[in-house]
$ cat model_28.cif   # mmCIF, C-alpha atoms
data_my_file
#
loop_
_atom_site.label_atom_id
_atom_site.label_comp_id
_atom_site.auth_asym_id
_atom_site.auth_seq_id
_atom_site.Cartn_x
_atom_site.Cartn_y
_atom_site.Cartn_z
CA MET A 253 22.34 6.44 4.92
CA ILE A 254 19.99 8.68 6.85
CA ASP A 255 19.62 11.05 3.88
CA SER A 256 18.06 8.37 1.69
CA TYR A 257 15.64 7.64 4.54
CA PHE A 258 14.50 11.26 4.52
CA LEU A 259 14.25 11.25 0.72
CA VAL A 260 12.10 8.10 0.66
CA ILE A 261 9.87 9.43 3.48
CA PHE A 262 9.38 12.62 1.44
CA ILE A 263 8.51 10.64 -1.72
CA LEU A 264 6.04 8.46 0.19
CA SER A 265 4.40 11.57 1.66
CA ILE A 266 3.90 12.99 -1.84
CA ALA A 267 2.42 9.63 -2.92
CA ILE A 268 0.02 9.66 0.05
CA PHE A 269 -1.06 13.20 -0.89
CA VAL A 270 -1.76 12.11 -4.49
CA SER A 271 -3.79 9.16 -3.14
CA VAL A 272 -5.85 11.55 -1.00
CA LEU A 273 -6.54 13.60 -4.16
CA ARG A 274 -7.62 10.36 -5.88
CA PHE A 275 -9.98 9.71 -2.97
CA ILE A 276 -11.48 13.21 -3.20
CA PHE A 277 -12.02 13.20 -6.99
CA ALA A 278 -13.31 9.60 -7.23
CA GLU A 279 -16.71 9.01 -8.82
CA GLU A 280 -17.59 5.56 -7.53
CA ILE A 281 -17.24 3.79 -4.18
CA TYR A 282 -14.81 1.13 -5.48
CA THR A 283 -12.19 3.69 -6.39
CA LYS A 284 -12.49 5.15 -2.90
CA ILE A 285 -11.93 1.73 -1.30
CA LEU A 286 -8.95 1.18 -3.63
CA SER A 287 -7.36 4.49 -2.65
CA VAL A 288 -7.90 3.83 1.07
CA ASN A 289 -6.14 0.47 0.66
CA LEU A 290 -3.30 2.22 -1.18
CA ILE A 291 -2.92 4.85 1.55
CA GLY A 292 -2.84 2.12 4.19
CA THR A 293 -0.06 0.19 2.45
CA LYS A 294 2.04 3.34 2.12
CA ILE A 295 1.45 4.31 5.75
CA VAL A 296 2.75 0.86 6.81
CA LEU A 297 5.93 1.53 4.81
CA LEU A 298 6.16 5.01 6.36
CA ILE A 299 5.88 3.59 9.89
CA LEU A 300 8.61 1.04 9.10
CA LEU A 301 10.91 3.73 7.72
CA SER A 302 10.43 6.00 10.71
CA GLY A 303 10.93 3.00 13.00
CA MET A 304 14.55 2.73 11.84
CA ALA A 305 15.53 5.64 14.09
CA PRO A 306 17.43 4.21 17.10
CA ILE A 307 14.98 5.28 19.80
CA MET A 308 11.88 3.93 18.03
CA LYS A 309 12.60 0.23 17.61
CA ASP A 310 9.10 -0.88 18.64
CA PHE A 311 7.36 0.54 15.60
CA THR A 312 7.41 -2.76 13.69
CA ASP A 313 4.71 -4.19 15.97
CA ILE A 314 2.57 -1.13 15.30
CA ALA A 315 3.15 -1.58 11.55
CA MET A 316 2.08 -5.23 11.79
CA VAL A 317 -1.15 -4.30 13.60
CA TYR A 318 -1.77 -1.51 11.07
CA ALA A 319 -1.43 -3.91 8.12
CA LEU A 320 -3.86 -6.36 9.77
CA ILE A 321 -6.47 -3.65 10.43
CA ASN A 322 -6.05 -2.31 6.89
CA PHE A 323 -6.81 -5.71 5.32
CA ILE A 324 -9.75 -6.46 7.62
CA SER A 325 -11.31 -3.02 7.09
CA THR A 326 -11.10 -3.40 3.29
CA ILE A 327 -12.80 -6.80 3.39
CA VAL A 328 -15.49 -5.62 5.82
CA ILE A 329 -16.33 -2.48 3.82
CA LEU A 330 -16.60 -4.61 0.64
CA LYS A 331 -18.89 -7.06 2.46
CA TYR A 332 -21.06 -4.18 3.67
CA TYR A 333 -21.48 -2.74 0.18
CA GLN A 334 -22.15 -6.19 -1.27
CA ASP A 335 -25.03 -6.71 1.19
CA LYS A 336 -26.31 -3.23 0.37
CA GLU A 337 -26.28 -4.03 -3.37
CA LEU A 338 -28.03 -7.34 -2.78
CA LEU A 339 -30.84 -5.65 -0.85
CA LYS A 340 -31.69 -3.38 -3.80
CA MET B 37 26.12 -3.28 1.68
CA SER B 38 24.96 0.23 2.44
CA ILE B 39 25.05 1.24 -1.22
CA LEU B 40 22.79 -1.69 -2.15
CA SER B 41 20.39 -0.74 0.65
CA ASN B 42 20.29 2.87 -0.54
CA ILE B 43 19.59 1.83 -4.14
CA LEU B 44 16.78 -0.52 -3.09
CA LEU B 45 15.22 2.15 -0.84
CA ILE B 46 15.17 4.81 -3.57
CA LEU B 47 13.85 2.30 -6.14
CA GLY B 48 11.06 1.42 -3.72
CA GLY B 49 10.12 5.06 -3.23
CA VAL B 50 10.12 5.75 -6.97
CA THR B 51 7.98 2.65 -7.57
CA ALA B 52 5.45 3.83 -4.99
CA LEU B 53 5.25 7.24 -6.70
CA ILE B 54 4.86 5.64 -10.16
CA GLY B 55 2.04 3.36 -8.99
CA THR B 56 0.21 6.21 -7.30
CA ILE B 57 0.45 8.52 -10.31
CA GLY B 58 -0.82 5.66 -12.49
CA CYS B 59 -3.73 5.16 -10.11
CA PHE B 60 -4.47 8.88 -10.37
CA LYS B 61 -4.24 9.18 -14.16
CA PHE B 62 -6.03 6.08 -15.48
CA LYS B 63 -9.68 6.36 -16.47
CA ASP B 64 -10.94 2.80 -15.92
CA PHE B 65 -11.25 1.07 -12.57
CA LEU B 66 -9.47 -2.15 -13.51
CA SER B 67 -6.55 -0.16 -14.91
CA ARG B 68 -6.40 1.63 -11.57
CA THR B 69 -6.17 -1.70 -9.74
CA HIS B 70 -3.39 -2.69 -12.11
CA ALA B 71 -1.46 0.46 -11.22
CA ALA B 72 -2.16 0.12 -7.49
CA SER B 73 -0.88 -3.45 -7.42
CA VAL B 74 2.55 -2.11 -8.40
CA VAL B 75 2.72 -0.42 -4.99
CA ASP B 76 1.52 -3.56 -3.23
CA SER B 77 4.05 -5.87 -4.86
CA PHE B 78 7.19 -3.97 -5.87
CA SER B 79 7.39 -1.13 -3.39
CA THR B 80 6.89 -3.21 -0.25
CA LEU B 81 9.34 -5.84 -1.49
CA LEU B 82 12.09 -3.32 -2.30
CA ILE B 83 11.76 -1.15 0.81
CA ILE B 84 11.48 -4.03 3.32
CA ILE B 85 14.40 -5.92 1.74
CA ALA B 86 16.45 -2.72 2.00
CA LEU B 87 15.56 -2.41 5.69
CA ILE B 88 16.43 -6.10 6.28
CA ILE B 89 19.83 -5.62 4.61
CA ASN B 90 20.47 -2.53 6.70
CA SER B 91 19.47 -4.03 10.05
CA GLY B 92 21.31 -7.33 9.80
CA LEU B 93 20.17 -10.74 11.02
CA SER B 94 18.20 -10.40 14.27
CA LEU B 95 14.70 -10.60 15.74
CA TYR B 96 14.00 -7.19 14.24
CA SER B 97 14.64 -8.42 10.69
CA LEU B 98 12.48 -11.49 11.38
CA LYS B 99 9.60 -9.13 12.22
CA LEU B 100 10.27 -7.20 9.00
CA PHE B 101 10.18 -10.46 7.03
CA LEU B 102 6.86 -11.43 8.64
CA ILE B 103 5.40 -8.03 7.72
CA LEU B 104 6.61 -8.55 4.12
CA VAL B 105 4.94 -11.98 3.86
CA PHE B 106 1.74 -10.64 5.40
CA LEU B 107 1.60 -7.60 3.09
CA TYR B 108 2.16 -9.82 0.05
CA ILE B 109 -0.67 -12.21 0.90
CA THR B 110 -3.21 -9.61 2.03
CA GLY B 111 -2.48 -7.09 -0.73
CA SER B 112 -3.15 -9.63 -3.46
CA THR B 113 -6.25 -10.91 -1.67
CA ALA B 114 -7.70 -7.43 -1.16
CA MET B 115 -7.12 -6.49 -4.82
CA HIS B 116 -8.76 -9.75 -5.94
CA ALA B 117 -11.80 -9.18 -3.71
CA LEU B 118 -12.11 -5.58 -4.91
CA SER B 119 -11.96 -6.57 -8.60
CA GLN B 120 -14.49 -9.38 -8.10
CA ALA B 121 -16.90 -7.02 -6.31
CA PHE B 122 -16.52 -4.48 -9.11
CA LEU B 123 -17.17 -7.10 -11.80
CA LYS B 124 -20.32 -8.27 -10.02
CA TYR B 125 -21.90 -5.03 -8.86
CA GLY B 126 -19.86 -2.14 -10.18
CA SER B 127 -21.75 -0.88 -13.22
CA ALA B 128 -24.17 1.42 -11.45
CA LYS B 129 -23.03 4.85 -12.55
CA GLY B 130 -19.91 6.76 -13.40
CA GLU B 131 -17.54 3.89 -14.13
CA LYS B 132 -17.96 1.52 -17.02
CA LYS B 133 -17.55 -2.20 -16.57
#
$ encode --input "model_28.cif" --output "structure tokens"
Amino acid sequence: MIDSYFLVIFILSIAIFVSVLRFIFAEEIYTKILSVNLIGTKIVLLILLSGMAPIMKDFTDIAMVYALINFISTIVILKYYQDKELLK
Amino acid sequence: MSILSNILLILGGVTALIGTIGCFKFKDFLSRTHAASVVDSFSTLLIIIALIINSGLSLYSLKLFLILVFLYITGSTAMHALSQAFLKYGSAKGEKK
């Protein structure tokens, strides 16, 4: 059971690395916001997977707070760029 | 029970990798949101259901279920807001509408 945990954590780490490459090579701001949202979702899954170790049972609360902050930051950054576009 | 949990975990990881590679390879922005929504819907569903099956019925699995519901609602809402903002303002340079 614990081997599949390590395998999935490894796969998610590779996916986070590819998302960081997407963030670096993006042309426009919307793709950067999309990739930050994608990285946040995968980090929530990574926190949940590493919280299944027996000494780290409290990580689900941290994952819940992380998901909340991820959503709010996406909406706030979009609102900021919308106001900036409206001022032009 | 453990075999089902293993299968769901590995399917969730593979789905996350597929969605991310699609988000990396597509040229258009709306195609990228289509590929990124695969991670938001399928990968979270499969991995959290695998963790719920593995941990049994307790307060811990209730927290996992709440995280699943929250990720479903907010992921769809964030993608919708992002696509609407792109359709309104996103034809400045670089990416076509």
$ residues_around --input "model_28.cif" --residues "Leu320 (chain A)" --least-positions-apart "3" --cutoff "10 Å" --atoms "only C-alpha atoms" --output "NGL selection string"
(:A and (314-317 or 323-325)) or (:B and (103 or 106-107 or 110))
$ resolve_selection --input "model_28.cif" --expression "the PyMOL selection byres ((chain B) within 9 of (chain A))" --output "PyMOL selection string"
chain B and resi 38-39+41-43+45-46+48-50+52-57+59-60+65+68-69+72-73+75-76+79-80+83-84+87+91+96+99-100+102-103+106-107+110-111+113-115+117-119+121-122+125-126+128-131
$ atom_distance --input "model_28.cif" --atom1 "CA of Leu98 (chain B)" --atom2 "CA of Ile85 (chain B)"
11.3 Å
$ atom_distance --input "model_28.cif" --atom1 "CA of Leu81 (chain B)" --atom2 "CA of His116 (chain B)"
19.0 Å
$ atom_distance --input "model_28.cif" --atom1 "CA of Ile89 (chain B)" --atom2 "CA of Ala305 (chain A)"
15.3 Å
